[in-house]
>>> print(open('my_file.cif').read())   # mmCIF, C-alpha atoms
data_query
#
loop_
_atom_site.label_atom_id
_atom_site.label_comp_id
_atom_site.auth_asym_id
_atom_site.auth_seq_id
_atom_site.Cartn_x
_atom_site.Cartn_y
_atom_site.Cartn_z
CA MET A 1 0.00 0.00 0.00
CA THR A 2 1.27 3.44 -0.92
CA ALA A 3 0.31 6.81 0.53
CA SER A 4 -2.76 8.53 -0.96
CA SER A 5 -2.35 12.03 -2.36
CA SER A 6 -5.88 13.01 -1.26
CA LEU A 7 -8.60 11.65 0.99
CA LEU A 8 -10.72 11.32 -2.15
CA ASP A 9 -8.32 8.65 -3.42
CA THR A 10 -9.41 6.45 -0.51
CA ILE A 11 -13.04 6.25 -1.69
CA GLY A 12 -14.13 2.73 -2.61
CA ASN A 13 -12.27 -0.58 -2.36
CA THR A 14 -14.38 -1.39 0.69
CA PRO A 15 -14.21 -4.80 2.39
CA LEU A 16 -16.44 -7.71 1.45
CA VAL A 17 -16.97 -9.87 4.54
CA GLU A 18 -18.64 -13.24 5.01
CA ILE A 19 -21.32 -13.35 7.74
CA SER A 20 -21.71 -17.09 8.40
CA ARG A 21 -22.86 -16.64 12.04
CA PHE A 22 -25.67 -14.32 10.93
CA ALA A 23 -26.72 -16.25 7.80
CA PRO A 24 -30.13 -17.91 8.27
CA ASN A 25 -29.64 -20.62 5.62
CA PRO A 26 -26.43 -22.66 6.02
CA SER A 27 -26.56 -23.67 2.33
CA VAL A 28 -26.35 -20.05 1.21
CA ARG A 29 -23.09 -18.15 1.58
CA MET A 30 -23.80 -14.56 2.63
CA LEU A 31 -21.36 -11.67 2.27
CA VAL A 32 -21.70 -7.98 3.06
CA LYS A 33 -20.01 -5.06 1.31
CA LEU A 34 -19.16 -2.60 4.07
CA GLU A 35 -19.63 0.87 2.61
CA GLY A 36 -19.22 2.42 6.04
CA PHE A 37 -15.46 2.16 5.35
CA ASN A 38 -15.61 5.11 2.94
CA PRO A 39 -14.18 8.46 4.17
CA THR A 40 -17.49 9.98 5.34
CA GLY A 41 -18.86 6.59 6.32
CA SER A 42 -21.26 5.82 3.48
CA VAL A 43 -21.58 4.47 -0.05
CA LYS A 44 -22.49 7.99 -1.19
CA ASP A 45 -18.83 9.05 -1.30
CA ARG A 46 -18.58 7.07 -4.54
CA VAL A 47 -21.65 8.76 -6.02
CA ALA A 48 -20.79 12.29 -4.88
CA LEU A 49 -17.32 12.07 -6.44
CA TYR A 50 -18.82 11.01 -9.78
CA LEU A 51 -21.49 13.73 -9.57
CA VAL A 52 -18.98 16.53 -8.92
CA ASN A 53 -16.59 15.21 -11.56
CA ALA A 54 -19.48 15.22 -14.07
CA LEU A 55 -20.41 18.84 -13.19
CA GLU A 56 -16.76 19.88 -13.65
CA ARG A 57 -16.39 18.01 -16.92
CA ASP A 58 -19.58 19.59 -18.29
CA GLY A 59 -18.32 23.06 -17.34
CA ARG A 60 -21.35 23.75 -15.14
CA LEU A 61 -19.47 25.17 -12.15
CA GLY A 62 -18.66 28.88 -12.38
CA PRO A 63 -17.26 31.25 -9.72
CA ASP A 64 -20.76 32.08 -8.36
CA SER A 65 -22.11 28.55 -8.48
CA ILE A 66 -23.60 26.82 -5.48
CA ILE A 67 -24.03 23.07 -5.77
CA LEU A 68 -27.55 22.21 -4.57
CA GLU A 69 -28.75 18.72 -3.72
CA PRO A 70 -31.77 17.13 -2.02
CA SER A 71 -30.54 14.50 0.42
CA SER A 72 -31.70 12.76 3.57
CA GLY A 73 -28.09 13.05 4.68
CA ASN A 74 -25.50 10.69 3.25
CA THR A 75 -25.20 12.18 -0.25
CA GLY A 76 -25.14 15.67 1.22
CA ILE A 77 -22.33 14.77 3.62
CA SER A 78 -20.30 13.15 0.83
CA LEU A 79 -20.76 16.18 -1.42
CA ALA A 80 -19.77 18.41 1.50
CA LEU A 81 -16.43 16.63 1.89
CA ILE A 82 -15.69 16.90 -1.82
CA CYS A 83 -16.77 20.56 -1.96
CA ARG A 84 -14.43 21.32 0.98
CA ILE A 85 -11.48 19.80 -0.82
CA ARG A 86 -12.28 21.27 -4.24
CA GLY A 87 -13.43 24.68 -2.98
CA TYR A 88 -17.10 24.73 -4.01
CA ARG A 89 -20.09 26.09 -2.12
CA LEU A 90 -22.80 23.57 -1.23
CA ALA A 91 -26.43 23.79 -0.10
CA VAL A 92 -28.28 20.63 0.93
CA VAL A 93 -32.07 20.41 1.04
CA MET A 94 -32.82 17.95 3.82
CA PRO A 95 -36.02 16.72 5.51
CA ASP A 96 -36.24 18.20 9.02
CA ASN A 97 -36.63 14.76 10.68
CA VAL A 98 -33.16 13.30 10.03
CA THR A 99 -30.78 12.39 12.85
CA ARG A 100 -28.75 15.08 14.59
CA GLU A 101 -25.45 13.58 13.40
CA ARG A 102 -26.34 14.20 9.75
CA ARG A 103 -26.81 17.91 10.48
CA GLN A 104 -23.65 18.05 12.57
CA MET A 105 -21.54 16.54 9.80
CA LEU A 106 -22.88 18.94 7.16
CA LYS A 107 -22.13 21.88 9.47
CA MET A 108 -18.67 20.52 10.16
CA TYR A 109 -17.89 20.61 6.43
CA ASP A 110 -19.44 24.10 6.20
CA ALA A 111 -22.38 23.24 3.93
CA SER A 112 -25.61 25.20 4.28
CA ILE A 113 -28.76 23.29 5.19
CA ILE A 114 -32.22 24.11 3.85
CA ASP A 115 -35.02 22.35 5.71
CA SER A 116 -37.84 20.62 3.88
CA PRO A 117 -40.90 19.31 5.76
CA GLY A 118 -40.19 15.84 7.17
CA SER A 119 -43.86 14.96 6.65
CA LEU A 120 -43.26 15.07 2.88
CA GLY A 121 -40.31 12.67 3.07
CA SER A 122 -37.60 12.79 0.41
CA ASN A 123 -40.24 13.80 -2.17
CA GLY A 124 -40.49 17.14 -0.38
CA ALA A 125 -36.71 17.66 -0.50
CA VAL A 126 -36.50 16.81 -4.21
CA GLU A 127 -39.41 19.11 -5.04
CA LEU A 128 -38.04 22.06 -3.07
CA ALA A 129 -34.52 21.69 -4.49
CA ARG A 130 -35.78 21.52 -8.07
CA ARG A 131 -37.92 24.62 -7.50
CA MET A 132 -34.99 26.55 -6.00
CA ALA A 133 -32.75 25.60 -8.91
CA ALA A 134 -35.38 26.77 -11.42
CA GLU A 135 -35.65 30.17 -9.69
CA ASP A 136 -31.97 30.98 -9.08
CA SER A 137 -29.35 30.32 -11.74
CA ARG A 138 -26.52 30.22 -9.19
CA TYR A 139 -27.80 26.85 -8.02
CA VAL A 140 -26.39 23.90 -9.90
CA MET A 141 -28.09 20.61 -9.12
CA ALA A 142 -26.06 17.44 -9.14
CA ASP A 143 -29.43 15.62 -9.04
CA GLN A 144 -28.56 12.12 -7.89
CA TYR A 145 -32.12 10.92 -8.67
CA ALA A 146 -31.75 11.79 -12.36
CA ASN A 147 -28.00 11.93 -13.09
CA ALA A 148 -26.48 8.95 -14.95
CA ALA A 149 -23.21 9.62 -13.09
CA ASN A 150 -24.86 8.02 -10.03
CA PRO A 151 -25.36 4.49 -11.43
CA LEU A 152 -22.11 4.91 -13.38
CA ALA A 153 -20.16 5.23 -10.11
CA HIS A 154 -21.44 1.79 -9.13
CA TYR A 155 -21.00 0.30 -12.60
CA GLU A 156 -17.36 1.38 -12.65
CA THR A 157 -16.35 0.87 -9.01
CA THR A 158 -18.72 -1.06 -6.70
CA GLY A 159 -19.67 -3.71 -9.27
CA PRO A 160 -16.10 -4.59 -10.37
CA GLU A 161 -14.97 -4.72 -6.70
CA ILE A 162 -17.67 -7.30 -5.92
CA ILE A 163 -16.74 -9.41 -8.95
CA ALA A 164 -13.03 -9.26 -8.05
CA ASP A 165 -13.67 -10.35 -4.44
CA CYS A 166 -16.50 -12.82 -5.13
CA PRO A 167 -16.75 -13.97 -8.77
CA SER A 168 -19.36 -16.60 -7.82
CA VAL A 169 -22.02 -14.07 -6.74
CA ASP A 170 -25.55 -15.28 -7.64
CA VAL A 171 -27.78 -12.75 -5.87
CA PHE A 172 -27.27 -9.06 -5.08
CA VAL A 173 -29.42 -7.16 -2.56
CA ALA A 174 -29.28 -3.42 -1.84
CA GLY A 175 -31.49 -0.67 -0.52
CA LEU A 176 -33.66 1.37 -2.85
CA GLY A 177 -33.21 5.12 -2.54
CA THR A 178 -32.33 6.66 -5.89
CA GLY A 179 -31.84 3.23 -7.46
CA GLY A 180 -28.23 4.10 -8.36
CA THR A 181 -26.61 1.18 -6.52
CA LEU A 182 -29.10 -1.39 -7.84
CA MET A 183 -28.91 -0.13 -11.44
CA GLY A 184 -25.12 0.28 -11.64
CA VAL A 185 -24.03 -2.81 -9.71
CA GLY A 186 -26.84 -4.88 -11.25
CA ARG A 187 -25.82 -4.04 -14.82
CA ARG A 188 -22.15 -4.79 -14.11
CA LEU A 189 -22.89 -8.11 -12.38
CA ARG A 190 -25.18 -9.24 -15.22
CA GLU A 191 -22.46 -8.54 -17.76
CA HIS A 192 -20.28 -10.86 -15.69
CA ASN A 193 -23.04 -13.48 -15.33
CA PRO A 194 -26.47 -12.91 -16.95
CA ALA A 195 -28.10 -15.25 -14.39
CA VAL A 196 -27.37 -12.92 -11.45
CA ARG A 197 -30.55 -11.79 -9.68
CA VAL A 198 -30.92 -8.28 -8.26
CA TYR A 199 -33.33 -7.45 -5.42
CA ALA A 200 -34.32 -4.16 -3.79
CA ALA A 201 -35.15 -3.58 -0.13
CA GLU A 202 -37.30 -0.53 0.49
CA PRO A 203 -38.48 1.03 3.73
CA MET A 204 -42.13 0.83 4.67
CA PRO A 205 -42.82 4.56 5.06
CA GLY A 206 -44.31 5.57 8.39
CA GLU A 207 -47.74 7.21 8.42
CA ALA A 208 -46.20 10.51 9.50
CA VAL A 209 -43.88 10.78 6.49
CA GLN A 210 -46.45 10.03 3.79
CA GLY A 211 -47.88 13.53 3.59
CA LEU A 212 -48.39 13.49 -0.18
CA ARG A 213 -51.07 15.87 -1.38
CA SER A 214 -52.09 13.53 -4.16
CA LEU A 215 -50.94 10.40 -5.86
CA GLU A 216 -49.75 12.59 -8.73
CA ALA A 217 -47.12 13.93 -6.34
CA GLY A 218 -45.67 10.41 -6.48
CA PHE A 219 -42.14 10.01 -7.66
CA VAL A 220 -40.15 7.36 -9.48
CA PRO A 221 -36.45 8.32 -9.78
CA GLU A 222 -35.48 9.01 -13.40
CA ILE A 223 -32.46 6.69 -13.20
CA LEU A 224 -34.52 3.74 -11.90
CA ASP A 225 -35.55 1.18 -14.51
CA PRO A 226 -38.00 -1.13 -12.70
CA ASP A 227 -37.43 -3.83 -15.34
CA ALA A 228 -33.80 -4.13 -14.27
CA LEU A 229 -34.84 -5.55 -10.89
CA ASP A 230 -35.97 -9.11 -10.09
CA GLY A 231 -37.99 -8.13 -7.05
CA ARG A 232 -38.79 -5.42 -4.53
CA PHE A 233 -39.45 -6.06 -0.84
CA LEU A 234 -40.84 -3.80 1.88
CA VAL A 235 -39.25 -3.78 5.31
CA THR A 236 -40.49 -2.02 8.43
CA THR A 237 -38.39 0.25 10.63
CA ALA A 238 -38.76 -2.18 13.55
CA GLU A 239 -37.55 -5.17 11.51
CA SER A 240 -34.65 -3.10 10.13
CA ILE A 241 -33.53 -2.12 13.62
CA GLU A 242 -33.88 -5.66 15.01
CA THR A 243 -31.83 -7.08 12.13
CA MET A 244 -29.22 -4.33 12.45
CA ARG A 245 -28.80 -5.27 16.13
CA ARG A 246 -28.59 -8.99 15.35
CA LEU A 247 -25.81 -8.27 12.83
CA THR A 248 -23.85 -6.41 15.49
CA ALA A 249 -24.48 -9.18 18.03
CA THR A 250 -23.49 -12.08 15.74
CA GLU A 251 -20.76 -10.60 13.55
CA GLY A 252 -19.68 -7.41 15.28
CA VAL A 253 -20.61 -5.37 12.21
CA PHE A 254 -21.78 -1.89 13.25
CA ALA A 255 -24.05 -0.74 10.43
CA GLY A 256 -26.91 1.71 9.90
CA VAL A 257 -30.67 1.21 9.81
CA SER A 258 -30.98 0.71 6.05
CA SER A 259 -28.33 -2.03 6.31
CA GLY A 260 -30.58 -3.83 8.78
CA GLY A 261 -33.43 -3.52 6.29
CA VAL A 262 -31.29 -4.85 3.46
CA LEU A 263 -30.20 -7.85 5.53
CA ALA A 264 -33.77 -8.57 6.64
CA VAL A 265 -34.76 -8.77 2.97
CA ALA A 266 -31.59 -10.72 2.08
CA SER A 267 -32.51 -13.24 4.79
CA ARG A 268 -36.00 -13.72 3.32
CA ILE A 269 -34.46 -14.35 -0.11
CA ALA A 270 -31.73 -16.65 1.25
CA ALA A 271 -34.41 -18.73 2.99
CA THR A 272 -35.92 -19.54 -0.44
CA MET A 273 -32.58 -20.45 -2.08
CA GLU A 274 -31.23 -24.02 -2.26
CA GLY A 275 -27.65 -22.84 -2.36
CA GLY A 276 -25.38 -20.22 -3.87
CA THR A 277 -23.83 -16.91 -2.87
CA LEU A 278 -25.63 -13.74 -1.88
CA VAL A 279 -23.95 -10.34 -1.60
CA ALA A 280 -25.71 -7.54 0.31
CA LEU A 281 -24.51 -3.94 0.22
CA LEU A 282 -24.57 -2.18 3.59
CA ALA A 283 -24.77 1.53 2.75
CA ASP A 284 -23.41 3.05 5.95
CA GLY A 285 -22.02 2.49 9.43
CA GLY A 286 -24.02 2.96 12.63
CA TRP A 287 -22.27 6.16 13.71
CA LYS A 288 -24.86 8.60 12.40
CA TYR A 289 -27.67 6.90 14.38
CA LEU A 290 -26.15 6.78 17.87
CA SER A 291 -28.12 9.80 19.11
CA GLU A 292 -31.39 7.88 18.64
CA ASP A 293 -30.19 5.09 20.94
CA LEU A 294 -31.41 2.46 18.47
CA TRP A 295 -29.38 -0.33 20.07
CA ARG A 296 -31.32 -0.05 23.32
CA ARG A 297 -34.77 1.37 22.76
CA ASP A 298 -37.91 -0.58 21.80
CA PRO A 299 -37.85 -1.04 18.00
CA ASP A 300 -41.66 -0.72 18.00
CA ASP A 301 -41.48 2.75 19.59
CA ASP A 302 -43.93 4.81 17.48
CA GLU A 303 -41.64 7.82 17.46
CA LEU A 304 -39.15 5.92 15.28
CA GLU A 305 -41.72 5.92 12.48
CA THR A 306 -41.58 9.72 12.39
CA LEU A 307 -37.82 9.83 11.74
CA ASN A 308 -36.00 9.64 8.44
CA LEU A 309 -33.54 6.82 9.16
CA TRP A 310 -32.99 5.34 5.69
CA MET B 1 -62.15 -11.36 2.40
CA THR B 2 -58.60 -10.04 2.37
CA SER B 3 -57.50 -7.02 4.31
CA VAL B 4 -55.99 -4.17 2.27
CA ARG B 5 -53.94 -1.38 3.81
CA ILE B 6 -54.82 2.05 2.37
CA PRO B 7 -52.17 4.84 2.37
CA PRO B 8 -53.08 8.21 3.98
CA VAL B 9 -53.26 9.93 0.57
CA LEU B 10 -56.10 7.61 -0.57
CA ARG B 11 -58.11 7.34 2.66
CA VAL B 12 -60.44 10.15 1.66
CA HIS B 13 -61.93 7.66 -0.82
CA VAL B 14 -62.64 4.97 1.81
CA GLY B 15 -64.21 7.07 4.56
CA GLY B 16 -60.90 7.63 6.30
CA GLN B 17 -60.27 3.96 7.06
CA LYS B 18 -56.71 2.65 7.35
CA GLU B 19 -57.61 -0.90 6.34
CA VAL B 20 -60.54 -2.18 4.32
CA ASP B 21 -61.68 -5.66 3.33
CA ALA B 22 -62.19 -6.78 -0.25
CA SER B 23 -62.61 -10.11 -1.97
CA GLY B 24 -60.96 -11.64 -5.00
CA ALA B 25 -58.78 -14.57 -5.99
CA THR B 26 -56.17 -12.36 -7.64
CA VAL B 27 -54.72 -8.95 -6.90
CA GLY B 28 -56.65 -7.55 -9.89
CA ASP B 29 -59.99 -9.01 -8.71
CA LEU B 30 -59.31 -7.75 -5.21
CA LEU B 31 -58.55 -4.19 -6.34
CA ARG B 32 -61.55 -4.13 -8.71
CA ASP B 33 -63.78 -5.26 -5.83
CA LEU B 34 -62.27 -2.47 -3.74
CA VAL B 35 -63.14 0.04 -6.47
CA ALA B 36 -66.70 -1.32 -6.67
CA ARG B 37 -67.06 -0.57 -2.95
CA SER B 38 -65.20 2.78 -3.11
CA PRO B 39 -65.53 4.12 -6.68
CA GLY B 40 -63.33 7.15 -5.93
CA LEU B 41 -60.34 4.81 -5.91
CA GLY B 42 -60.82 3.79 -9.55
CA GLU B 43 -58.94 6.63 -11.22
CA GLN B 44 -56.31 6.55 -8.50
CA LEU B 45 -55.38 2.87 -8.86
CA PHE B 46 -55.91 2.16 -12.54
CA THR B 47 -55.08 3.77 -15.85
CA ALA B 48 -57.71 4.05 -18.60
CA ASP B 49 -56.73 0.63 -19.99
CA GLY B 50 -57.13 -1.05 -16.60
CA SER B 51 -53.47 -1.50 -15.72
CA LEU B 52 -51.92 -0.40 -12.44
CA HIS B 53 -51.14 3.32 -12.24
CA ARG B 54 -47.42 4.12 -12.47
CA PHE B 55 -47.36 5.95 -9.12
CA VAL B 56 -49.08 3.12 -7.22
CA ASN B 57 -47.23 0.18 -5.73
CA VAL B 58 -49.10 -2.87 -4.46
CA TYR B 59 -47.39 -5.34 -2.15
CA LEU B 60 -48.45 -8.89 -1.34
CA ASN B 61 -46.90 -10.04 1.94
CA GLY B 62 -44.27 -7.33 1.52
CA GLN B 63 -43.39 -8.14 -2.08
CA ASP B 64 -44.11 -5.75 -4.98
CA VAL B 65 -46.67 -7.53 -7.20
CA ARG B 66 -45.06 -6.06 -10.35
CA TYR B 67 -42.38 -8.72 -9.85
CA LEU B 68 -44.91 -11.48 -9.21
CA LYS B 69 -47.78 -11.84 -11.71
CA VAL B 70 -48.88 -8.21 -11.35
CA LEU B 71 -52.71 -8.09 -11.34
CA ASP B 72 -52.91 -11.87 -11.96
CA THR B 73 -51.01 -12.64 -8.73
CA PRO B 74 -53.10 -15.10 -6.67
CA VAL B 75 -54.27 -13.86 -3.25
CA GLY B 76 -55.55 -15.78 -0.23
CA GLU B 77 -57.67 -14.57 2.68
CA ARG B 78 -54.73 -14.56 5.06
CA ASP B 79 -52.44 -12.59 2.80
CA ALA B 80 -51.56 -9.01 3.64
CA VAL B 81 -52.01 -6.50 0.84
CA ILE B 82 -50.54 -3.01 1.12
CA ILE B 83 -51.06 -0.13 -1.29
CA LEU B 84 -48.42 2.62 -1.25
CA PRO B 85 -47.71 5.68 -3.37
CA ALA B 86 -44.39 5.67 -5.25
CA MET B 87 -42.09 7.89 -3.21
CA ALA B 88 -38.50 9.06 -3.39
CA GLY B 89 -36.20 6.98 -1.19
CA GLY B 90 -33.78 8.49 1.26
CA ALA B 91 -30.32 8.98 -0.22
#
>>> encode(input="my_file.cif", output="structure tokens")
Amino acid sequence: MTASSSLLDTIGNTPLVEISRFAPNPSVRMLVKLEGFNPTGSVKDRVALYLVNALERDGRLGPDSIILEPSSGNTGISLALICRIRGYRLAVVMPDNVTRERRQMLKMYDASIIDSPGSLGSNGAVELARRMAAEDSRYVMADQYANAANPLAHYETTGPEIIADCPSVDVFVAGLGTGGTLMGVGRRLREHNPAVRVYAAEPMPGEAVQGLRSLEAGFVPEILDPDALDGRFLVTTAESIETMRRLTATEGVFAGVSSGGVLAVASRIAATMEGGTLVALLADGGWKYLSEDLWRRDPDDDELETLNLW
Amino acid sequence: MTSVRIPPVLRVHVGGQKEVDASGATVGDLLRDLVARSPGLGEQLFTADGSLHRFVNVYLNGQDVRYLKVLDTPVGERDAVIILPAMAGGA
């Protein structure tokens, strides 16, 4: 190993670790890709680097530009690191019900935060950011929900890393947010082996964060091609937290809430398999959730349904 | 009868109820029975040609029916059916 010339050079090349003590079906080998090992602690470092590089390459960043992005936290924090190093201004539109740590990290990197109503979920953040960008030309949106640089980051980095570490992968499971991970990794894995199956885990939204005014305010990310998935599974906040704790208890892996959700879904899929190898991507570490005391409190606590933990 | 969970945005069409019962051997029959009982749901769930609206997701025991047999997916009385609007995920 040689010294890195920048922290940004340490993005990616995360560990892939077998979790045989956790795995529910002894005939199925389960491995987890630990994206918490990235510099800001999440998979979004990969995406943010590709997004900023694309904005630079397209000549969209002038001296007055402010990069603007809707994010429930991780993408914003990753962009904030990159903007610090490269000298850009950043504004993040974030639902007001995210954990305290997400706000603290954005402040630490000197990004500005614009609150969107938590009751409108990520839809509200996307809508507000797009409106702001339309009204003020200084704002330049990286737009992870619509920008092909997002899945490309996974096609060019995450996917090849999985193949290099585990060429026998049969099933890939990841969380559904923008769809970038599932699209990019899925496409790369299928080029390696067309029989690979790709499954999405998505959070069951709490009642308090479904404040859509109408169904027409619904949203399917532009980069998500539903036909490129083999299945989509809902997982509750309580089941995500219970599974996240069980992972820590059995394997010592300290991961975030969405990782618990992904592993809950991966376990359901593994239970139906006769054999083979399943890789699950764990998007972040548990650090940004400590303030909510999720390792001790009752996972069925109703208040948890009002938070944006994914 | 199978119990169907209605999202907050559609409850105005079912008298504010969170869960309603409907009958049918497939997801399509079940949803059409639901519309017969609560006609306001018709335009919300289905497009003009009778397929599932793009911004509506229907889950059978937690699994999106678009990856099963869509409206032809068989349903039993003990199955849990959830309707949700398509929403942006956290990221």
>>> interface_residues(input="my_file.cif", of="chain A", to="chain B", cutoff="8 Å", atoms="only C-alpha atoms", output="PyMOL selection string")
chain A and resi 44+71-75+121-123+176-178+202+207+210-216+218-221+230-235+308+310
>>> atom_distance(input="my_file.cif", atom1="atom CA of A:Val169", atom2="atom CA of A:Glu251")
20.6 Å
>>> atom_distance(input="my_file.cif", atom1="atom CA of B:Leu30", atom2="atom CA of A:Ala217")
24.9 Å
>>> residues_around(input="my_file.cif", residues="A:His192", least_positions_apart="6", cutoff="10 Å", atoms="all atoms listed in the file", output="PDB file with C-alpha atoms, in the coordinates of the input")
ATOM      1  CA  GLY A 159     -19.670  -3.710  -9.270  1.00  0.00           C
ATOM      2  CA  PRO A 160     -16.100  -4.590 -10.370  1.00  0.00           C
ATOM      3  CA  ILE A 163     -16.740  -9.410  -8.950  1.00  0.00           C
ATOM      4  CA  PRO A 167     -16.750 -13.970  -8.770  1.00  0.00           C
ATOM      5  CA  SER A 168     -19.360 -16.600  -7.820  1.00  0.00           C
ATOM      6  CA  VAL A 169     -22.020 -14.070  -6.740  1.00  0.00           C
ATOM      7  CA  GLY A 186     -26.840  -4.880 -11.250  1.00  0.00           C
TER       8      GLY A 186
END
>>> closest_residue(input="my_file.cif", among="A:Ala174, A:Leu224, A:Cys166, A:Leu79", to="A:Leu281", atoms="all atoms listed in the file")
A:Ala174
>>> residues_around(input="my_file.cif", residues="B:Val20", least_positions_apart="5", cutoff="10 Å", atoms="only C-alpha atoms", output="number ranges by chain")
B: 1-6, 11, 14-15, 34, 37
